[in-house]
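Listing of data.pdb; format and content: PDB, C-alpha atoms and all ligand atoms.
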```pdb
ATOM      1  CA  MET A  29      -3.455  25.169   8.402  1.00  0.00           C
ATOM      2  CA  SER A  30      -0.377  23.796   6.642  1.00  0.00           C
ATOM      3  CA  THR A  31      -0.591  22.595   3.062  1.00  0.00           C
ATOM      4  CA  ILE A  32      -0.318  18.982   4.184  1.00  0.00           C
ATOM      5  CA  ALA A  33      -3.122  19.409   6.719  1.00  0.00           C
ATOM      6  CA  GLU A  34      -5.240  21.081   4.033  1.00  0.00           C
ATOM      7  CA  ASN A  35      -4.552  18.263   1.612  1.00  0.00           C
ATOM      8  CA  ILE A  36      -5.520  15.687   4.232  1.00  0.00           C
ATOM      9  CA  ALA A  37      -8.801  17.504   4.787  1.00  0.00           C
ATOM     10  CA  LYS A  38      -9.488  17.550   1.029  1.00  0.00           C
ATOM     11  CA  LEU A  39      -8.641  13.867   0.717  1.00  0.00           C
ATOM     12  CA  GLY A  40     -10.935  13.036   3.617  1.00  0.00           C
ATOM     13  CA  GLU A  41     -13.694  14.840   1.752  1.00  0.00           C
ATOM     14  CA  ARG A  42     -12.973  12.963  -1.529  1.00  0.00           C
ATOM     15  CA  ILE A  43     -12.980   9.618   0.291  1.00  0.00           C
ATOM     16  CA  ARG A  44     -16.147  10.476   2.214  1.00  0.00           C
ATOM     17  CA  GLU A  45     -18.013  11.509  -0.939  1.00  0.00           C
ATOM     18  CA  ALA A  46     -16.884   8.440  -2.860  1.00  0.00           C
ATOM     19  CA  ALA A  47     -17.880   6.146  -0.001  1.00  0.00           C
ATOM     20  CA  GLN A  48     -21.265   7.817   0.324  1.00  0.00           C
ATOM     21  CA  ALA A  49     -21.924   7.565  -3.418  1.00  0.00           C
ATOM     22  CA  SER A  50     -21.437   3.799  -3.251  1.00  0.00           C
ATOM     23  CA  GLN A  51     -23.208   3.283   0.089  1.00  0.00           C
ATOM     24  CA  ARG A  52     -20.001   2.370   1.825  1.00  0.00           C
ATOM     25  CA  ASP A  53     -18.985   3.237   5.353  1.00  0.00           C
ATOM     26  CA  PHE A  54     -16.352   5.977   5.174  1.00  0.00           C
ATOM     27  CA  SER A  55     -14.558   4.533   8.204  1.00  0.00           C
ATOM     28  CA  GLN A  56     -13.771   1.358   6.223  1.00  0.00           C
ATOM     29  CA  VAL A  57     -11.400   3.252   3.937  1.00  0.00           C
ATOM     30  CA  GLY A  58      -7.939   3.957   5.318  1.00  0.00           C
ATOM     31  CA  LEU A  59      -5.693   6.717   4.020  1.00  0.00           C
ATOM     32  CA  LEU A  60      -2.176   5.356   3.532  1.00  0.00           C
ATOM     33  CA  ALA A  61       0.215   8.275   3.120  1.00  0.00           C
ATOM     34  CA  VAL A  62       2.834   7.424   0.488  1.00  0.00           C
ATOM     35  CA  SER A  63       5.892   9.329   1.647  1.00  0.00           C
ATOM     36  CA  LYS A  64       8.547   8.091  -0.785  1.00  0.00           C
ATOM     37  CA  THR A  65      11.060  10.820  -1.710  1.00  0.00           C
ATOM     38  CA  LYS A  66       9.594  13.090   1.003  1.00  0.00           C
ATOM     39  CA  PRO A  67      11.593  14.082   4.086  1.00  0.00           C
ATOM     40  CA  ALA A  68      10.925  12.903   7.636  1.00  0.00           C
ATOM     41  CA  ASP A  69       9.589  16.375   8.463  1.00  0.00           C
ATOM     42  CA  ALA A  70       6.737  15.925   5.975  1.00  0.00           C
ATOM     43  CA  ILE A  71       5.802  12.678   7.720  1.00  0.00           C
ATOM     44  CA  ARG A  72       5.943  14.441  11.059  1.00  0.00           C
ATOM     45  CA  GLU A  73       3.588  17.095   9.733  1.00  0.00           C
ATOM     46  CA  ALA A  74       1.146  14.525   8.335  1.00  0.00           C
ATOM     47  CA  HIS A  75       1.198  12.694  11.659  1.00  0.00           C
ATOM     48  CA  ALA A  76       0.456  15.941  13.507  1.00  0.00           C
ATOM     49  CA  ALA A  77      -2.530  16.374  11.150  1.00  0.00           C
ATOM     50  CA  GLY A  78      -3.883  12.960  12.145  1.00  0.00           C
ATOM     51  CA  LEU A  79      -2.256  10.302   9.928  1.00  0.00           C
ATOM     52  CA  ARG A  80      -0.592   7.219  11.333  1.00  0.00           C
ATOM     53  CA  ASP A  81       0.038   4.898   8.361  1.00  0.00           C
ATOM     54  CA  PHE A  82       2.889   5.608   5.959  1.00  0.00           C
ATOM     55  CA  GLY A  83       3.935   3.758   2.802  1.00  0.00           C
ATOM     56  CA  GLU A  84       7.484   3.616   1.461  1.00  0.00           C
ATOM     57  CA  ASN A  85       8.925   2.054  -1.722  1.00  0.00           C
ATOM     58  CA  TYR A  86      12.685   2.186  -1.200  1.00  0.00           C
ATOM     59  CA  LEU A  87      14.167   0.320   1.735  1.00  0.00           C
ATOM     60  CA  GLN A  88      17.225   2.451   2.544  1.00  0.00           C
ATOM     61  CA  GLU A  89      15.251   5.659   2.319  1.00  0.00           C
ATOM     62  CA  ALA A  90      12.540   4.221   4.573  1.00  0.00           C
ATOM     63  CA  LEU A  91      14.991   2.971   7.202  1.00  0.00           C
ATOM     64  CA  SER A  92      16.698   6.323   7.487  1.00  0.00           C
ATOM     65  CA  LYS A  93      13.379   8.137   7.926  1.00  0.00           C
ATOM     66  CA  GLN A  94      12.190   5.556  10.458  1.00  0.00           C
ATOM     67  CA  ALA A  95      15.361   6.212  12.465  1.00  0.00           C
ATOM     68  CA  GLU A  96      14.497   9.923  12.567  1.00  0.00           C
ATOM     69  CA  LEU A  97      10.917   9.270  13.669  1.00  0.00           C
ATOM     70  CA  THR A  98      11.239   6.719  16.478  1.00  0.00           C
ATOM     71  CA  ASP A  99       9.444   9.111  18.846  1.00  0.00           C
ATOM     72  CA  LEU A 100       6.192   8.757  16.853  1.00  0.00           C
ATOM     73  CA  PRO A 101       3.845   5.729  16.997  1.00  0.00           C
ATOM     74  CA  LEU A 102       3.759   5.226  13.206  1.00  0.00           C
ATOM     75  CA  ILE A 103       2.648   2.177  11.248  1.00  0.00           C
ATOM     76  CA  TRP A 104       4.948   1.417   8.328  1.00  0.00           C
ATOM     77  CA  HIS A 105       3.861  -0.175   5.056  1.00  0.00           C
ATOM     78  CA  PHE A 106       6.278  -1.415   2.407  1.00  0.00           C
ATOM     79  CA  ILE A 107       4.695  -0.916  -1.032  1.00  0.00           C
ATOM     80  CA  GLY A 108       7.571  -1.207  -3.533  1.00  0.00           C
ATOM     81  CA  PRO A 109       9.098  -4.064  -5.525  1.00  0.00           C
ATOM     82  CA  ILE A 110      10.983  -6.494  -3.269  1.00  0.00           C
ATOM     83  CA  GLN A 111      14.359  -8.084  -3.972  1.00  0.00           C
ATOM     84  CA  SER A 112      15.314 -11.196  -2.002  1.00  0.00           C
ATOM     85  CA  ASN A 113      18.228  -9.490  -0.281  1.00  0.00           C
ATOM     86  CA  LYS A 114      15.852  -6.900   1.221  1.00  0.00           C
ATOM     87  CA  THR A 115      13.382  -9.249   2.895  1.00  0.00           C
ATOM     88  CA  LYS A 116      15.133  -9.455   6.264  1.00  0.00           C
ATOM     89  CA  ALA A 117      15.127  -5.705   6.869  1.00  0.00           C
ATOM     90  CA  ILE A 118      11.551  -5.444   5.600  1.00  0.00           C
ATOM     91  CA  ALA A 119      10.413  -8.242   7.938  1.00  0.00           C
ATOM     92  CA  GLU A 120      12.114  -6.474  10.844  1.00  0.00           C
ATOM     93  CA  HIS A 121      11.057  -2.883  10.213  1.00  0.00           C
ATOM     94  CA  PHE A 122       7.555  -2.879   8.710  1.00  0.00           C
ATOM     95  CA  ASP A 123       4.030  -3.699   9.881  1.00  0.00           C
ATOM     96  CA  TRP A 124       2.550  -4.323   6.431  1.00  0.00           C
ATOM     97  CA  VAL A 125       3.860  -5.378   3.022  1.00  0.00           C
ATOM     98  CA  HIS A 126       1.526  -4.652   0.082  1.00  0.00           C
ATOM     99  CA  SER A 127       3.742  -5.834  -2.760  1.00  0.00           C
ATOM    100  CA  VAL A 128       4.258  -9.584  -2.334  1.00  0.00           C
ATOM    101  CA  ASP A 129       3.924 -11.258  -5.721  1.00  0.00           C
ATOM    102  CA  ARG A 130       5.826 -14.525  -5.402  1.00  0.00           C
ATOM    103  CA  LEU A 131       6.075 -17.337  -2.903  1.00  0.00           C
ATOM    104  CA  LYS A 132       9.837 -17.184  -2.429  1.00  0.00           C
ATOM    105  CA  ILE A 133       9.596 -13.623  -1.123  1.00  0.00           C
ATOM    106  CA  ALA A 134       6.691 -14.559   1.172  1.00  0.00           C
ATOM    107  CA  GLN A 135       8.617 -17.521   2.583  1.00  0.00           C
ATOM    108  CA  ARG A 136      11.634 -15.363   3.345  1.00  0.00           C
ATOM    109  CA  LEU A 137       9.503 -12.659   5.000  1.00  0.00           C
ATOM    110  CA  SER A 138       7.832 -15.326   7.141  1.00  0.00           C
ATOM    111  CA  GLU A 139      11.111 -16.955   8.207  1.00  0.00           C
ATOM    112  CA  GLN A 140      12.743 -13.603   8.896  1.00  0.00           C
ATOM    113  CA  ARG A 141       9.873 -12.027  10.831  1.00  0.00           C
ATOM    114  CA  PRO A 142      11.192 -11.602  14.389  1.00  0.00           C
ATOM    115  CA  ALA A 143       9.386 -13.864  16.888  1.00  0.00           C
ATOM    116  CA  HIS A 144       8.613 -11.001  19.283  1.00  0.00           C
ATOM    117  CA  LEU A 145       6.589  -9.156  16.631  1.00  0.00           C
ATOM    118  CA  PRO A 146       3.045 -10.016  15.503  1.00  0.00           C
ATOM    119  CA  PRO A 147       2.735 -11.671  12.085  1.00  0.00           C
ATOM    120  CA  LEU A 148       3.515  -9.330   9.205  1.00  0.00           C
ATOM    121  CA  ASN A 149       0.346  -8.133   7.419  1.00  0.00           C
ATOM    122  CA  ILE A 150       0.492  -9.093   3.750  1.00  0.00           C
ATOM    123  CA  CYS A 151      -1.289  -8.064   0.588  1.00  0.00           C
ATOM    124  CA  LEU A 152      -0.626  -9.991  -2.595  1.00  0.00           C
ATOM    125  CA  GLN A 153      -0.002  -7.718  -5.543  1.00  0.00           C
ATOM    126  CA  VAL A 154      -1.952  -8.818  -8.585  1.00  0.00           C
ATOM    127  CA  ASN A 155      -1.382  -7.574 -12.107  1.00  0.00           C
ATOM    128  CA  VAL A 156      -4.746  -6.709 -13.645  1.00  0.00           C
ATOM    129  CA  SER A 157      -3.319  -4.771 -16.599  1.00  0.00           C
ATOM    130  CA  GLY A 158      -1.551  -7.611 -18.410  1.00  0.00           C
ATOM    131  CA  GLU A 159       1.481  -6.560 -20.435  1.00  0.00           C
ATOM    132  CA  ALA A 160       1.278  -2.970 -19.212  1.00  0.00           C
ATOM    133  CA  SER A 161       2.810  -3.807 -15.833  1.00  0.00           C
ATOM    134  CA  LYS A 162       5.619  -6.109 -14.820  1.00  0.00           C
ATOM    135  CA  SER A 163       4.899  -6.248 -11.073  1.00  0.00           C
ATOM    136  CA  GLY A 164       2.254  -8.466  -9.545  1.00  0.00           C
ATOM    137  CA  CYS A 165       1.305 -12.086  -9.969  1.00  0.00           C
ATOM    138  CA  THR A 166      -1.069 -13.061 -12.756  1.00  0.00           C
ATOM    139  CA  PRO A 167      -4.740 -13.636 -11.921  1.00  0.00           C
ATOM    140  CA  GLN A 168      -4.118 -17.278 -12.931  1.00  0.00           C
ATOM    141  CA  ASP A 169      -1.340 -17.729 -10.369  1.00  0.00           C
ATOM    142  CA  LEU A 170      -3.166 -15.918  -7.569  1.00  0.00           C
ATOM    143  CA  PRO A 171      -5.186 -18.791  -6.009  1.00  0.00           C
ATOM    144  CA  ALA A 172      -2.166 -21.048  -5.499  1.00  0.00           C
ATOM    145  CA  LEU A 173      -0.045 -18.181  -4.191  1.00  0.00           C
ATOM    146  CA  ALA A 174      -2.769 -17.107  -1.747  1.00  0.00           C
ATOM    147  CA  ALA A 175      -3.272 -20.652  -0.479  1.00  0.00           C
ATOM    148  CA  ALA A 176       0.469 -21.068   0.132  1.00  0.00           C
ATOM    149  CA  VAL A 177       0.982 -17.659   1.747  1.00  0.00           C
ATOM    150  CA  ALA A 178      -1.986 -18.223   4.084  1.00  0.00           C
ATOM    151  CA  GLN A 179      -0.062 -21.176   5.588  1.00  0.00           C
ATOM    152  CA  LEU A 180       3.072 -19.216   6.492  1.00  0.00           C
ATOM    153  CA  PRO A 181       3.338 -18.691  10.267  1.00  0.00           C
ATOM    154  CA  GLY A 182       5.161 -15.361  10.239  1.00  0.00           C
ATOM    155  CA  LEU A 183       2.606 -13.739   7.957  1.00  0.00           C
ATOM    156  CA  LYS A 184      -1.031 -12.749   8.124  1.00  0.00           C
ATOM    157  CA  LEU A 185      -2.587 -12.659   4.671  1.00  0.00           C
ATOM    158  CA  ARG A 186      -4.956  -9.668   4.605  1.00  0.00           C
ATOM    159  CA  GLY A 187      -5.930  -9.244   0.953  1.00  0.00           C
ATOM    160  CA  LEU A 188      -4.902  -7.946  -2.458  1.00  0.00           C
ATOM    161  CA  MET A 189      -3.107  -4.913  -3.818  1.00  0.00           C
ATOM    162  CA  ALA A 190      -3.121  -3.617  -7.382  1.00  0.00           C
ATOM    163  CA  ILE A 191      -1.723  -0.741  -9.418  1.00  0.00           C
ATOM    164  CA  PRO A 192      -3.796  -0.704 -12.608  1.00  0.00           C
ATOM    165  CA  GLU A 193      -2.454   1.024 -15.681  1.00  0.00           C
ATOM    166  CA  PRO A 194      -3.051   4.776 -15.181  1.00  0.00           C
ATOM    167  CA  THR A 195      -5.993   6.118 -17.173  1.00  0.00           C
ATOM    168  CA  ASP A 196      -8.324   9.110 -16.991  1.00  0.00           C
ATOM    169  CA  ASP A 197     -11.203   6.949 -18.201  1.00  0.00           C
ATOM    170  CA  TYR A 198     -13.390   6.486 -15.143  1.00  0.00           C
ATOM    171  CA  CYS A 199     -15.070   3.379 -16.599  1.00  0.00           C
ATOM    172  CA  ALA A 200     -11.723   1.722 -17.240  1.00  0.00           C
ATOM    173  CA  GLN A 201     -10.618   2.595 -13.696  1.00  0.00           C
ATOM    174  CA  HIS A 202     -13.780   0.978 -12.324  1.00  0.00           C
ATOM    175  CA  GLU A 203     -13.331  -2.106 -14.433  1.00  0.00           C
ATOM    176  CA  ALA A 204      -9.765  -2.671 -13.218  1.00  0.00           C
ATOM    177  CA  PHE A 205     -10.667  -2.257  -9.539  1.00  0.00           C
ATOM    178  CA  ALA A 206     -13.767  -4.418  -9.932  1.00  0.00           C
ATOM    179  CA  THR A 207     -11.481  -7.145 -11.307  1.00  0.00           C
ATOM    180  CA  VAL A 208      -9.381  -6.982  -8.130  1.00  0.00           C
ATOM    181  CA  ARG A 209     -12.486  -7.191  -5.942  1.00  0.00           C
ATOM    182  CA  THR A 210     -13.784 -10.154  -7.950  1.00  0.00           C
ATOM    183  CA  LEU A 211     -10.447 -11.963  -7.759  1.00  0.00           C
ATOM    184  CA  GLN A 212     -10.440 -11.534  -3.990  1.00  0.00           C
ATOM    185  CA  ALA A 213     -14.020 -12.820  -3.693  1.00  0.00           C
ATOM    186  CA  ALA A 214     -13.152 -15.831  -5.847  1.00  0.00           C
ATOM    187  CA  LEU A 215     -10.436 -16.855  -3.396  1.00  0.00           C
ATOM    188  CA  ASN A 216     -13.231 -17.580  -0.941  1.00  0.00           C
ATOM    189  CA  MET A 217     -11.017 -16.841   2.058  1.00  0.00           C
ATOM    190  CA  PRO A 218     -13.283 -15.143   4.628  1.00  0.00           C
ATOM    191  CA  ALA A 219     -10.343 -13.863   6.703  1.00  0.00           C
ATOM    192  CA  LEU A 220      -9.315 -11.469   3.917  1.00  0.00           C
ATOM    193  CA  ASP A 221     -10.460  -7.950   4.817  1.00  0.00           C
ATOM    194  CA  THR A 222      -8.206  -5.701   2.766  1.00  0.00           C
ATOM    195  CA  LEU A 223      -8.157  -4.245  -0.747  1.00  0.00           C
ATOM    196  CA  SER A 224      -5.205  -1.898  -1.246  1.00  0.00           C
ATOM    197  CA  MET A 225      -6.064   0.060  -4.396  1.00  0.00           C
ATOM    198  CA  GLY A 226      -6.496   3.616  -5.566  1.00  0.00           C
ATOM    199  CA  MET A 227      -3.937   6.434  -5.769  1.00  0.00           C
ATOM    200  CA  SER A 228      -4.170  10.226  -6.130  1.00  0.00           C
ATOM    201  CA  HIS A 229      -5.811  10.165  -9.575  1.00  0.00           C
ATOM    202  CA  ASP A 230      -8.197   7.230  -9.212  1.00  0.00           C
ATOM    203  CA  LEU A 231      -9.194   6.913  -5.555  1.00  0.00           C
ATOM    204  CA  GLU A 232     -12.910   7.549  -6.275  1.00  0.00           C
ATOM    205  CA  ALA A 233     -13.211   4.511  -8.546  1.00  0.00           C
ATOM    206  CA  ALA A 234     -11.212   2.395  -6.088  1.00  0.00           C
ATOM    207  CA  VAL A 235     -13.399   3.359  -3.142  1.00  0.00           C
ATOM    208  CA  ALA A 236     -16.515   2.618  -5.209  1.00  0.00           C
ATOM    209  CA  GLU A 237     -15.141  -0.880  -5.872  1.00  0.00           C
ATOM    210  CA  GLY A 238     -14.293  -1.646  -2.260  1.00  0.00           C
ATOM    211  CA  ALA A 239     -10.834  -0.251  -1.462  1.00  0.00           C
ATOM    212  CA  THR A 240      -9.929  -0.409   2.230  1.00  0.00           C
ATOM    213  CA  TRP A 241      -6.563   1.331   1.764  1.00  0.00           C
ATOM    214  CA  VAL A 242      -6.090   4.117  -0.724  1.00  0.00           C
ATOM    215  CA  ARG A 243      -2.371   4.830  -1.203  1.00  0.00           C
ATOM    216  CA  ILE A 244      -1.921   8.564  -1.694  1.00  0.00           C
ATOM    217  CA  GLY A 245       1.307  10.416  -2.415  1.00  0.00           C
ATOM    218  CA  THR A 246       0.996  13.372  -4.791  1.00  0.00           C
ATOM    219  CA  ALA A 247      -2.388  14.665  -3.596  1.00  0.00           C
ATOM    220  CA  LEU A 248      -1.058  14.692  -0.043  1.00  0.00           C
ATOM    221  CA  PHE A 249       2.592  15.740  -0.203  1.00  0.00           C
ATOM    222  CA  GLY A 250       2.747  17.369  -3.663  1.00  0.00           C
ATOM    223  CA  ALA A 251       4.667  16.249  -6.751  1.00  0.00           C
ATOM    224  CA  ARG A 252       7.770  14.129  -6.223  1.00  0.00           C
ATOM    225  CA  ASP A 253      11.287  15.110  -7.214  1.00  0.00           C
ATOM    226  CA  TYR A 254      13.081  11.904  -8.106  1.00  0.00           C
ATOM    227  CA  GLY A 255      16.360  13.757  -8.592  1.00  0.00           C
ATOM    228  CA  GLN A 256      16.884  13.585  -4.827  1.00  0.00           C
ATOM    229  CA  ALA A 257      15.415  10.144  -4.233  1.00  0.00           C
ATOM    230  CA  ALA A 258      17.460   7.306  -2.863  1.00  0.00           C
ATOM    231  CA  GLY A 259      17.520   4.236  -5.000  1.00  0.00           C
ATOM    232  CA  THR A 260      15.753   3.942  -8.271  1.00  0.00           C
ATOM    233  CA  ALA A 261      14.380   5.785 -11.229  1.00  0.00           C
ATOM    234  CA  THR A 262      10.810   6.946 -11.675  1.00  0.00           C
ATOM    235  CA  PRO A 263       8.499   3.935 -11.311  1.00  0.00           C
TER     236      PRO A 263
HETATM  237  C1  LIG B   1       4.011   6.155  -5.479  1.00  0.00           C
HETATM  238  C2  LIG B   1       2.976   5.148  -5.191  1.00  0.00           C
HETATM  239  C3  LIG B   1       1.675   5.521  -4.793  1.00  0.00           C
HETATM  240  C4  LIG B   1       1.206   6.964  -4.691  1.00  0.00           C
HETATM  241  O1  LIG B   1       0.937   7.478  -5.951  1.00  0.00           O
HETATM  242  P1  LIG B   1       0.331   8.964  -6.151  1.00  0.00           P
HETATM  243  O2  LIG B   1      -0.156   8.938  -7.549  1.00  0.00           O
HETATM  244  O3  LIG B   1       1.445   9.919  -5.924  1.00  0.00           O
HETATM  245  O4  LIG B   1      -0.762   9.134  -5.167  1.00  0.00           O
HETATM  246  C5  LIG B   1       0.787   4.514  -4.464  1.00  0.00           C
HETATM  247  N1  LIG B   1       1.128   3.217  -4.541  1.00  0.00           N
HETATM  248  C6  LIG B   1       2.343   2.817  -4.914  1.00  0.00           C
HETATM  249  C7  LIG B   1       2.662   1.367  -4.965  1.00  0.00           C
HETATM  250  C8  LIG B   1       3.303   3.762  -5.269  1.00  0.00           C
HETATM  251  O5  LIG B   1       4.512   3.349  -5.663  1.00  0.00           O
END
```
Can the structure in the file be given as structure tokens, please?
Amino acid sequence: MSTIAENIAKLGERIREAAQASQRDFSQVGLLAVSKTKPADAIREAHAAGLRDFGENYLQEALSKQAELTDLPLIWHFIGPIQSNKTKAIAEHFDWVHSVDRLKIAQRLSEQRPAHLPPLNICLQVNVSGEASKSGCTPQDLPALAAAVAQLPGLKLRGLMAIPEPTDDYCAQHEAFATVRTLQAALNMPALDTLSMGMSHDLEAAVAEGATWVRIGTALFGARDYGQAAGTATP
């Protein structure tokens, strides 16, 4: 078995145990492979080992890998910060966007979604760590944003995404993910079926609090080398 295939097996085990511990159905938790900074060959290997969903943060890097992988039936998720001038390419080349945190970006994605494609699946990124993070809308702004985004014809609002402040404190991890779950419930929008939360170091707490996508990079592909990465500095 390759290292990537081994890592996928280990992650499946971690997700299964966490789901079992909280009486959740393991099949409700999707593994989103975060492939930023990793070459197309690593994606190919992960696909061969059974993965289909891949998350990318940097548009140019993602587009060049997509062009190398057109022979595979992959589902692409955009998970990074979004500038207005990137919305058209994102609307054209992705199936999901997890990082929408303002209405202007949502409106552009909706208008620019090609008519021959199904509506773009959207998660609203919410900031549950206050000052510690700049990305994500505030919990206060979330209800109005969700109501507006739900009306946009080119989009399908699926749920919430969050990146809580990293901590090794399992209780603090739980508390942050529980906040996301509670915010989603408070929206009272029955069509929402998605909570995108949990990364390599905190997936257990996220699964316990209802994650339906865990976004995993390091534990799947190994540590990232940002020296080679297209685009931006270490997030
Ligand atoms: C990089 C990244 C991840 C993956 O993080 P790991 O700790 O490597 O698993 C998940 N979500 C987002 C939004 C990211 O930018």
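Nearest residue to Gly158 of chain A, choosing from A:Val57, A:Ile191, A:Ile71, A:Val235 and counting all atoms listed in the file: A:Ile191.
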Find the spatial neighbours of segment 238-249 of chain A, counting only C-alpha atoms, within a cut-off of 6 Å - ignore same-chain residues fewer than 3 positions away - and output them as a list in words.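 After dropping sequence-adjacent residues, the list is Asn35, Gln56, Val57, Gly58, Leu59, Leu60, Ala61, Val62, Thr222, Leu223, Ser224, Met225, Gly226, Met227, Ser228, Ala234 and Val235 of chain A.
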Name the residues that the PyMOL selection byres (((chain A and resi 94-110) around 10) and not hetatm) pulls out of this structure, and write them as number ranges by chain. A: 60-62, 64, 67-69, 71-72, 75-76, 79-93, 111-115, 118-119, 121-130, 133, 149-151, 153, 163-164, 189, 224, 243, 263
Can you write out the residues you just picked, keeping C-alpha atoms, as a tab-separated table (two decimals), in the coordinates of the input?
```
chain	number	residue	atom	x	y	z
A	60	LEU	CA	-2.18	5.36	3.53
A	61	ALA	CA	0.22	8.28	3.12
A	62	VAL	CA	2.83	7.42	0.49
A	64	LYS	CA	8.55	8.09	-0.78
A	67	PRO	CA	11.59	14.08	4.09
A	68	ALA	CA	10.92	12.90	7.64
A	69	ASP	CA	9.59	16.38	8.46
A	71	ILE	CA	5.80	12.68	7.72
A	72	ARG	CA	5.94	14.44	11.06
A	75	HIS	CA	1.20	12.69	11.66
A	76	ALA	CA	0.46	15.94	13.51
A	79	LEU	CA	-2.26	10.30	9.93
A	80	ARG	CA	-0.59	7.22	11.33
A	81	ASP	CA	0.04	4.90	8.36
A	82	PHE	CA	2.89	5.61	5.96
A	83	GLY	CA	3.94	3.76	2.80
A	84	GLU	CA	7.48	3.62	1.46
A	85	ASN	CA	8.93	2.05	-1.72
A	86	TYR	CA	12.68	2.19	-1.20
A	87	LEU	CA	14.17	0.32	1.74
A	88	GLN	CA	17.23	2.45	2.54
A	89	GLU	CA	15.25	5.66	2.32
A	90	ALA	CA	12.54	4.22	4.57
A	91	LEU	CA	14.99	2.97	7.20
A	92	SER	CA	16.70	6.32	7.49
A	93	LYS	CA	13.38	8.14	7.93
A	111	GLN	CA	14.36	-8.08	-3.97
A	112	SER	CA	15.31	-11.20	-2.00
A	113	ASN	CA	18.23	-9.49	-0.28
A	114	LYS	CA	15.85	-6.90	1.22
A	115	THR	CA	13.38	-9.25	2.90
A	118	ILE	CA	11.55	-5.44	5.60
A	119	ALA	CA	10.41	-8.24	7.94
A	121	HIS	CA	11.06	-2.88	10.21
A	122	PHE	CA	7.56	-2.88	8.71
A	123	ASP	CA	4.03	-3.70	9.88
A	124	TRP	CA	2.55	-4.32	6.43
A	125	VAL	CA	3.86	-5.38	3.02
A	126	HIS	CA	1.53	-4.65	0.08
A	127	SER	CA	3.74	-5.83	-2.76
A	128	VAL	CA	4.26	-9.58	-2.33
A	129	ASP	CA	3.92	-11.26	-5.72
A	130	ARG	CA	5.83	-14.52	-5.40
A	133	ILE	CA	9.60	-13.62	-1.12
A	149	ASN	CA	0.35	-8.13	7.42
A	150	ILE	CA	0.49	-9.09	3.75
A	151	CYS	CA	-1.29	-8.06	0.59
A	153	GLN	CA	0.00	-7.72	-5.54
A	163	SER	CA	4.90	-6.25	-11.07
A	164	GLY	CA	2.25	-8.47	-9.54
A	189	MET	CA	-3.11	-4.91	-3.82
A	224	SER	CA	-5.20	-1.90	-1.25
A	243	ARG	CA	-2.37	4.83	-1.20
A	263	PRO	CA	8.50	3.94	-11.31
```
Would you work out the distance separating atom CA of Leu220 of chain A from atom CA of Lys184 of chain A, expressed in Å to one decimal? 9.4 Å
Distance in Å - atom CA of Pro142 of chain A versus atom CA of Ala178 of chain A: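 Atom CA of Ala178 of chain A lies 18.0 Å from atom CA of Pro142 of chain A.
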Surrounding residues of Leu131 of chain A excluding itself and chain neighbours under 4 positions, 12 Å, all atoms listed in the file, as a ChimeraX atom specification: /A:110,112,127,135-138,150,152-153,164-165,169-180,183
Would you compute the box with edges along x, y and z of the file around ligand LIG 1 (chain B), including every atom the file lists for it and 3 Å extra on each side, and give its centre and edge lengths in Å to one decimal, as AutoDock Vina command-line options?
```
--center_x 1.9 --center_y 5.6 --center_z -6.0 --size_x 11.3 --size_y 14.6 --size_z 9.1
```
Just the number, please: distance in Å from atom CA of Phe205 of chain A to atom CA of Ala49 of chain A, one decimal. 16.1 Å
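Shortest atom-to-atom contact with Glu45 of chain A among A:Leu231, A:Gly182, A:Ala117, A:Ala251: A:Leu231, counting only C-alpha atoms.
Each of A:Ala190, A:Ile36, A:Ala74, A:Ala143 was compared to ligand LIG 1 (chain B) using all atoms listed in the file, and A:Ala190 turns out to be the nearest.
Of the residues under consideration (A:Lys66, A:Arg141, A:Lys116, A:Lys132), A:Lys66 shows the shortest atom-to-atom contact distance to ligand LIG 1 (chain B) when counting all atoms listed in the file.
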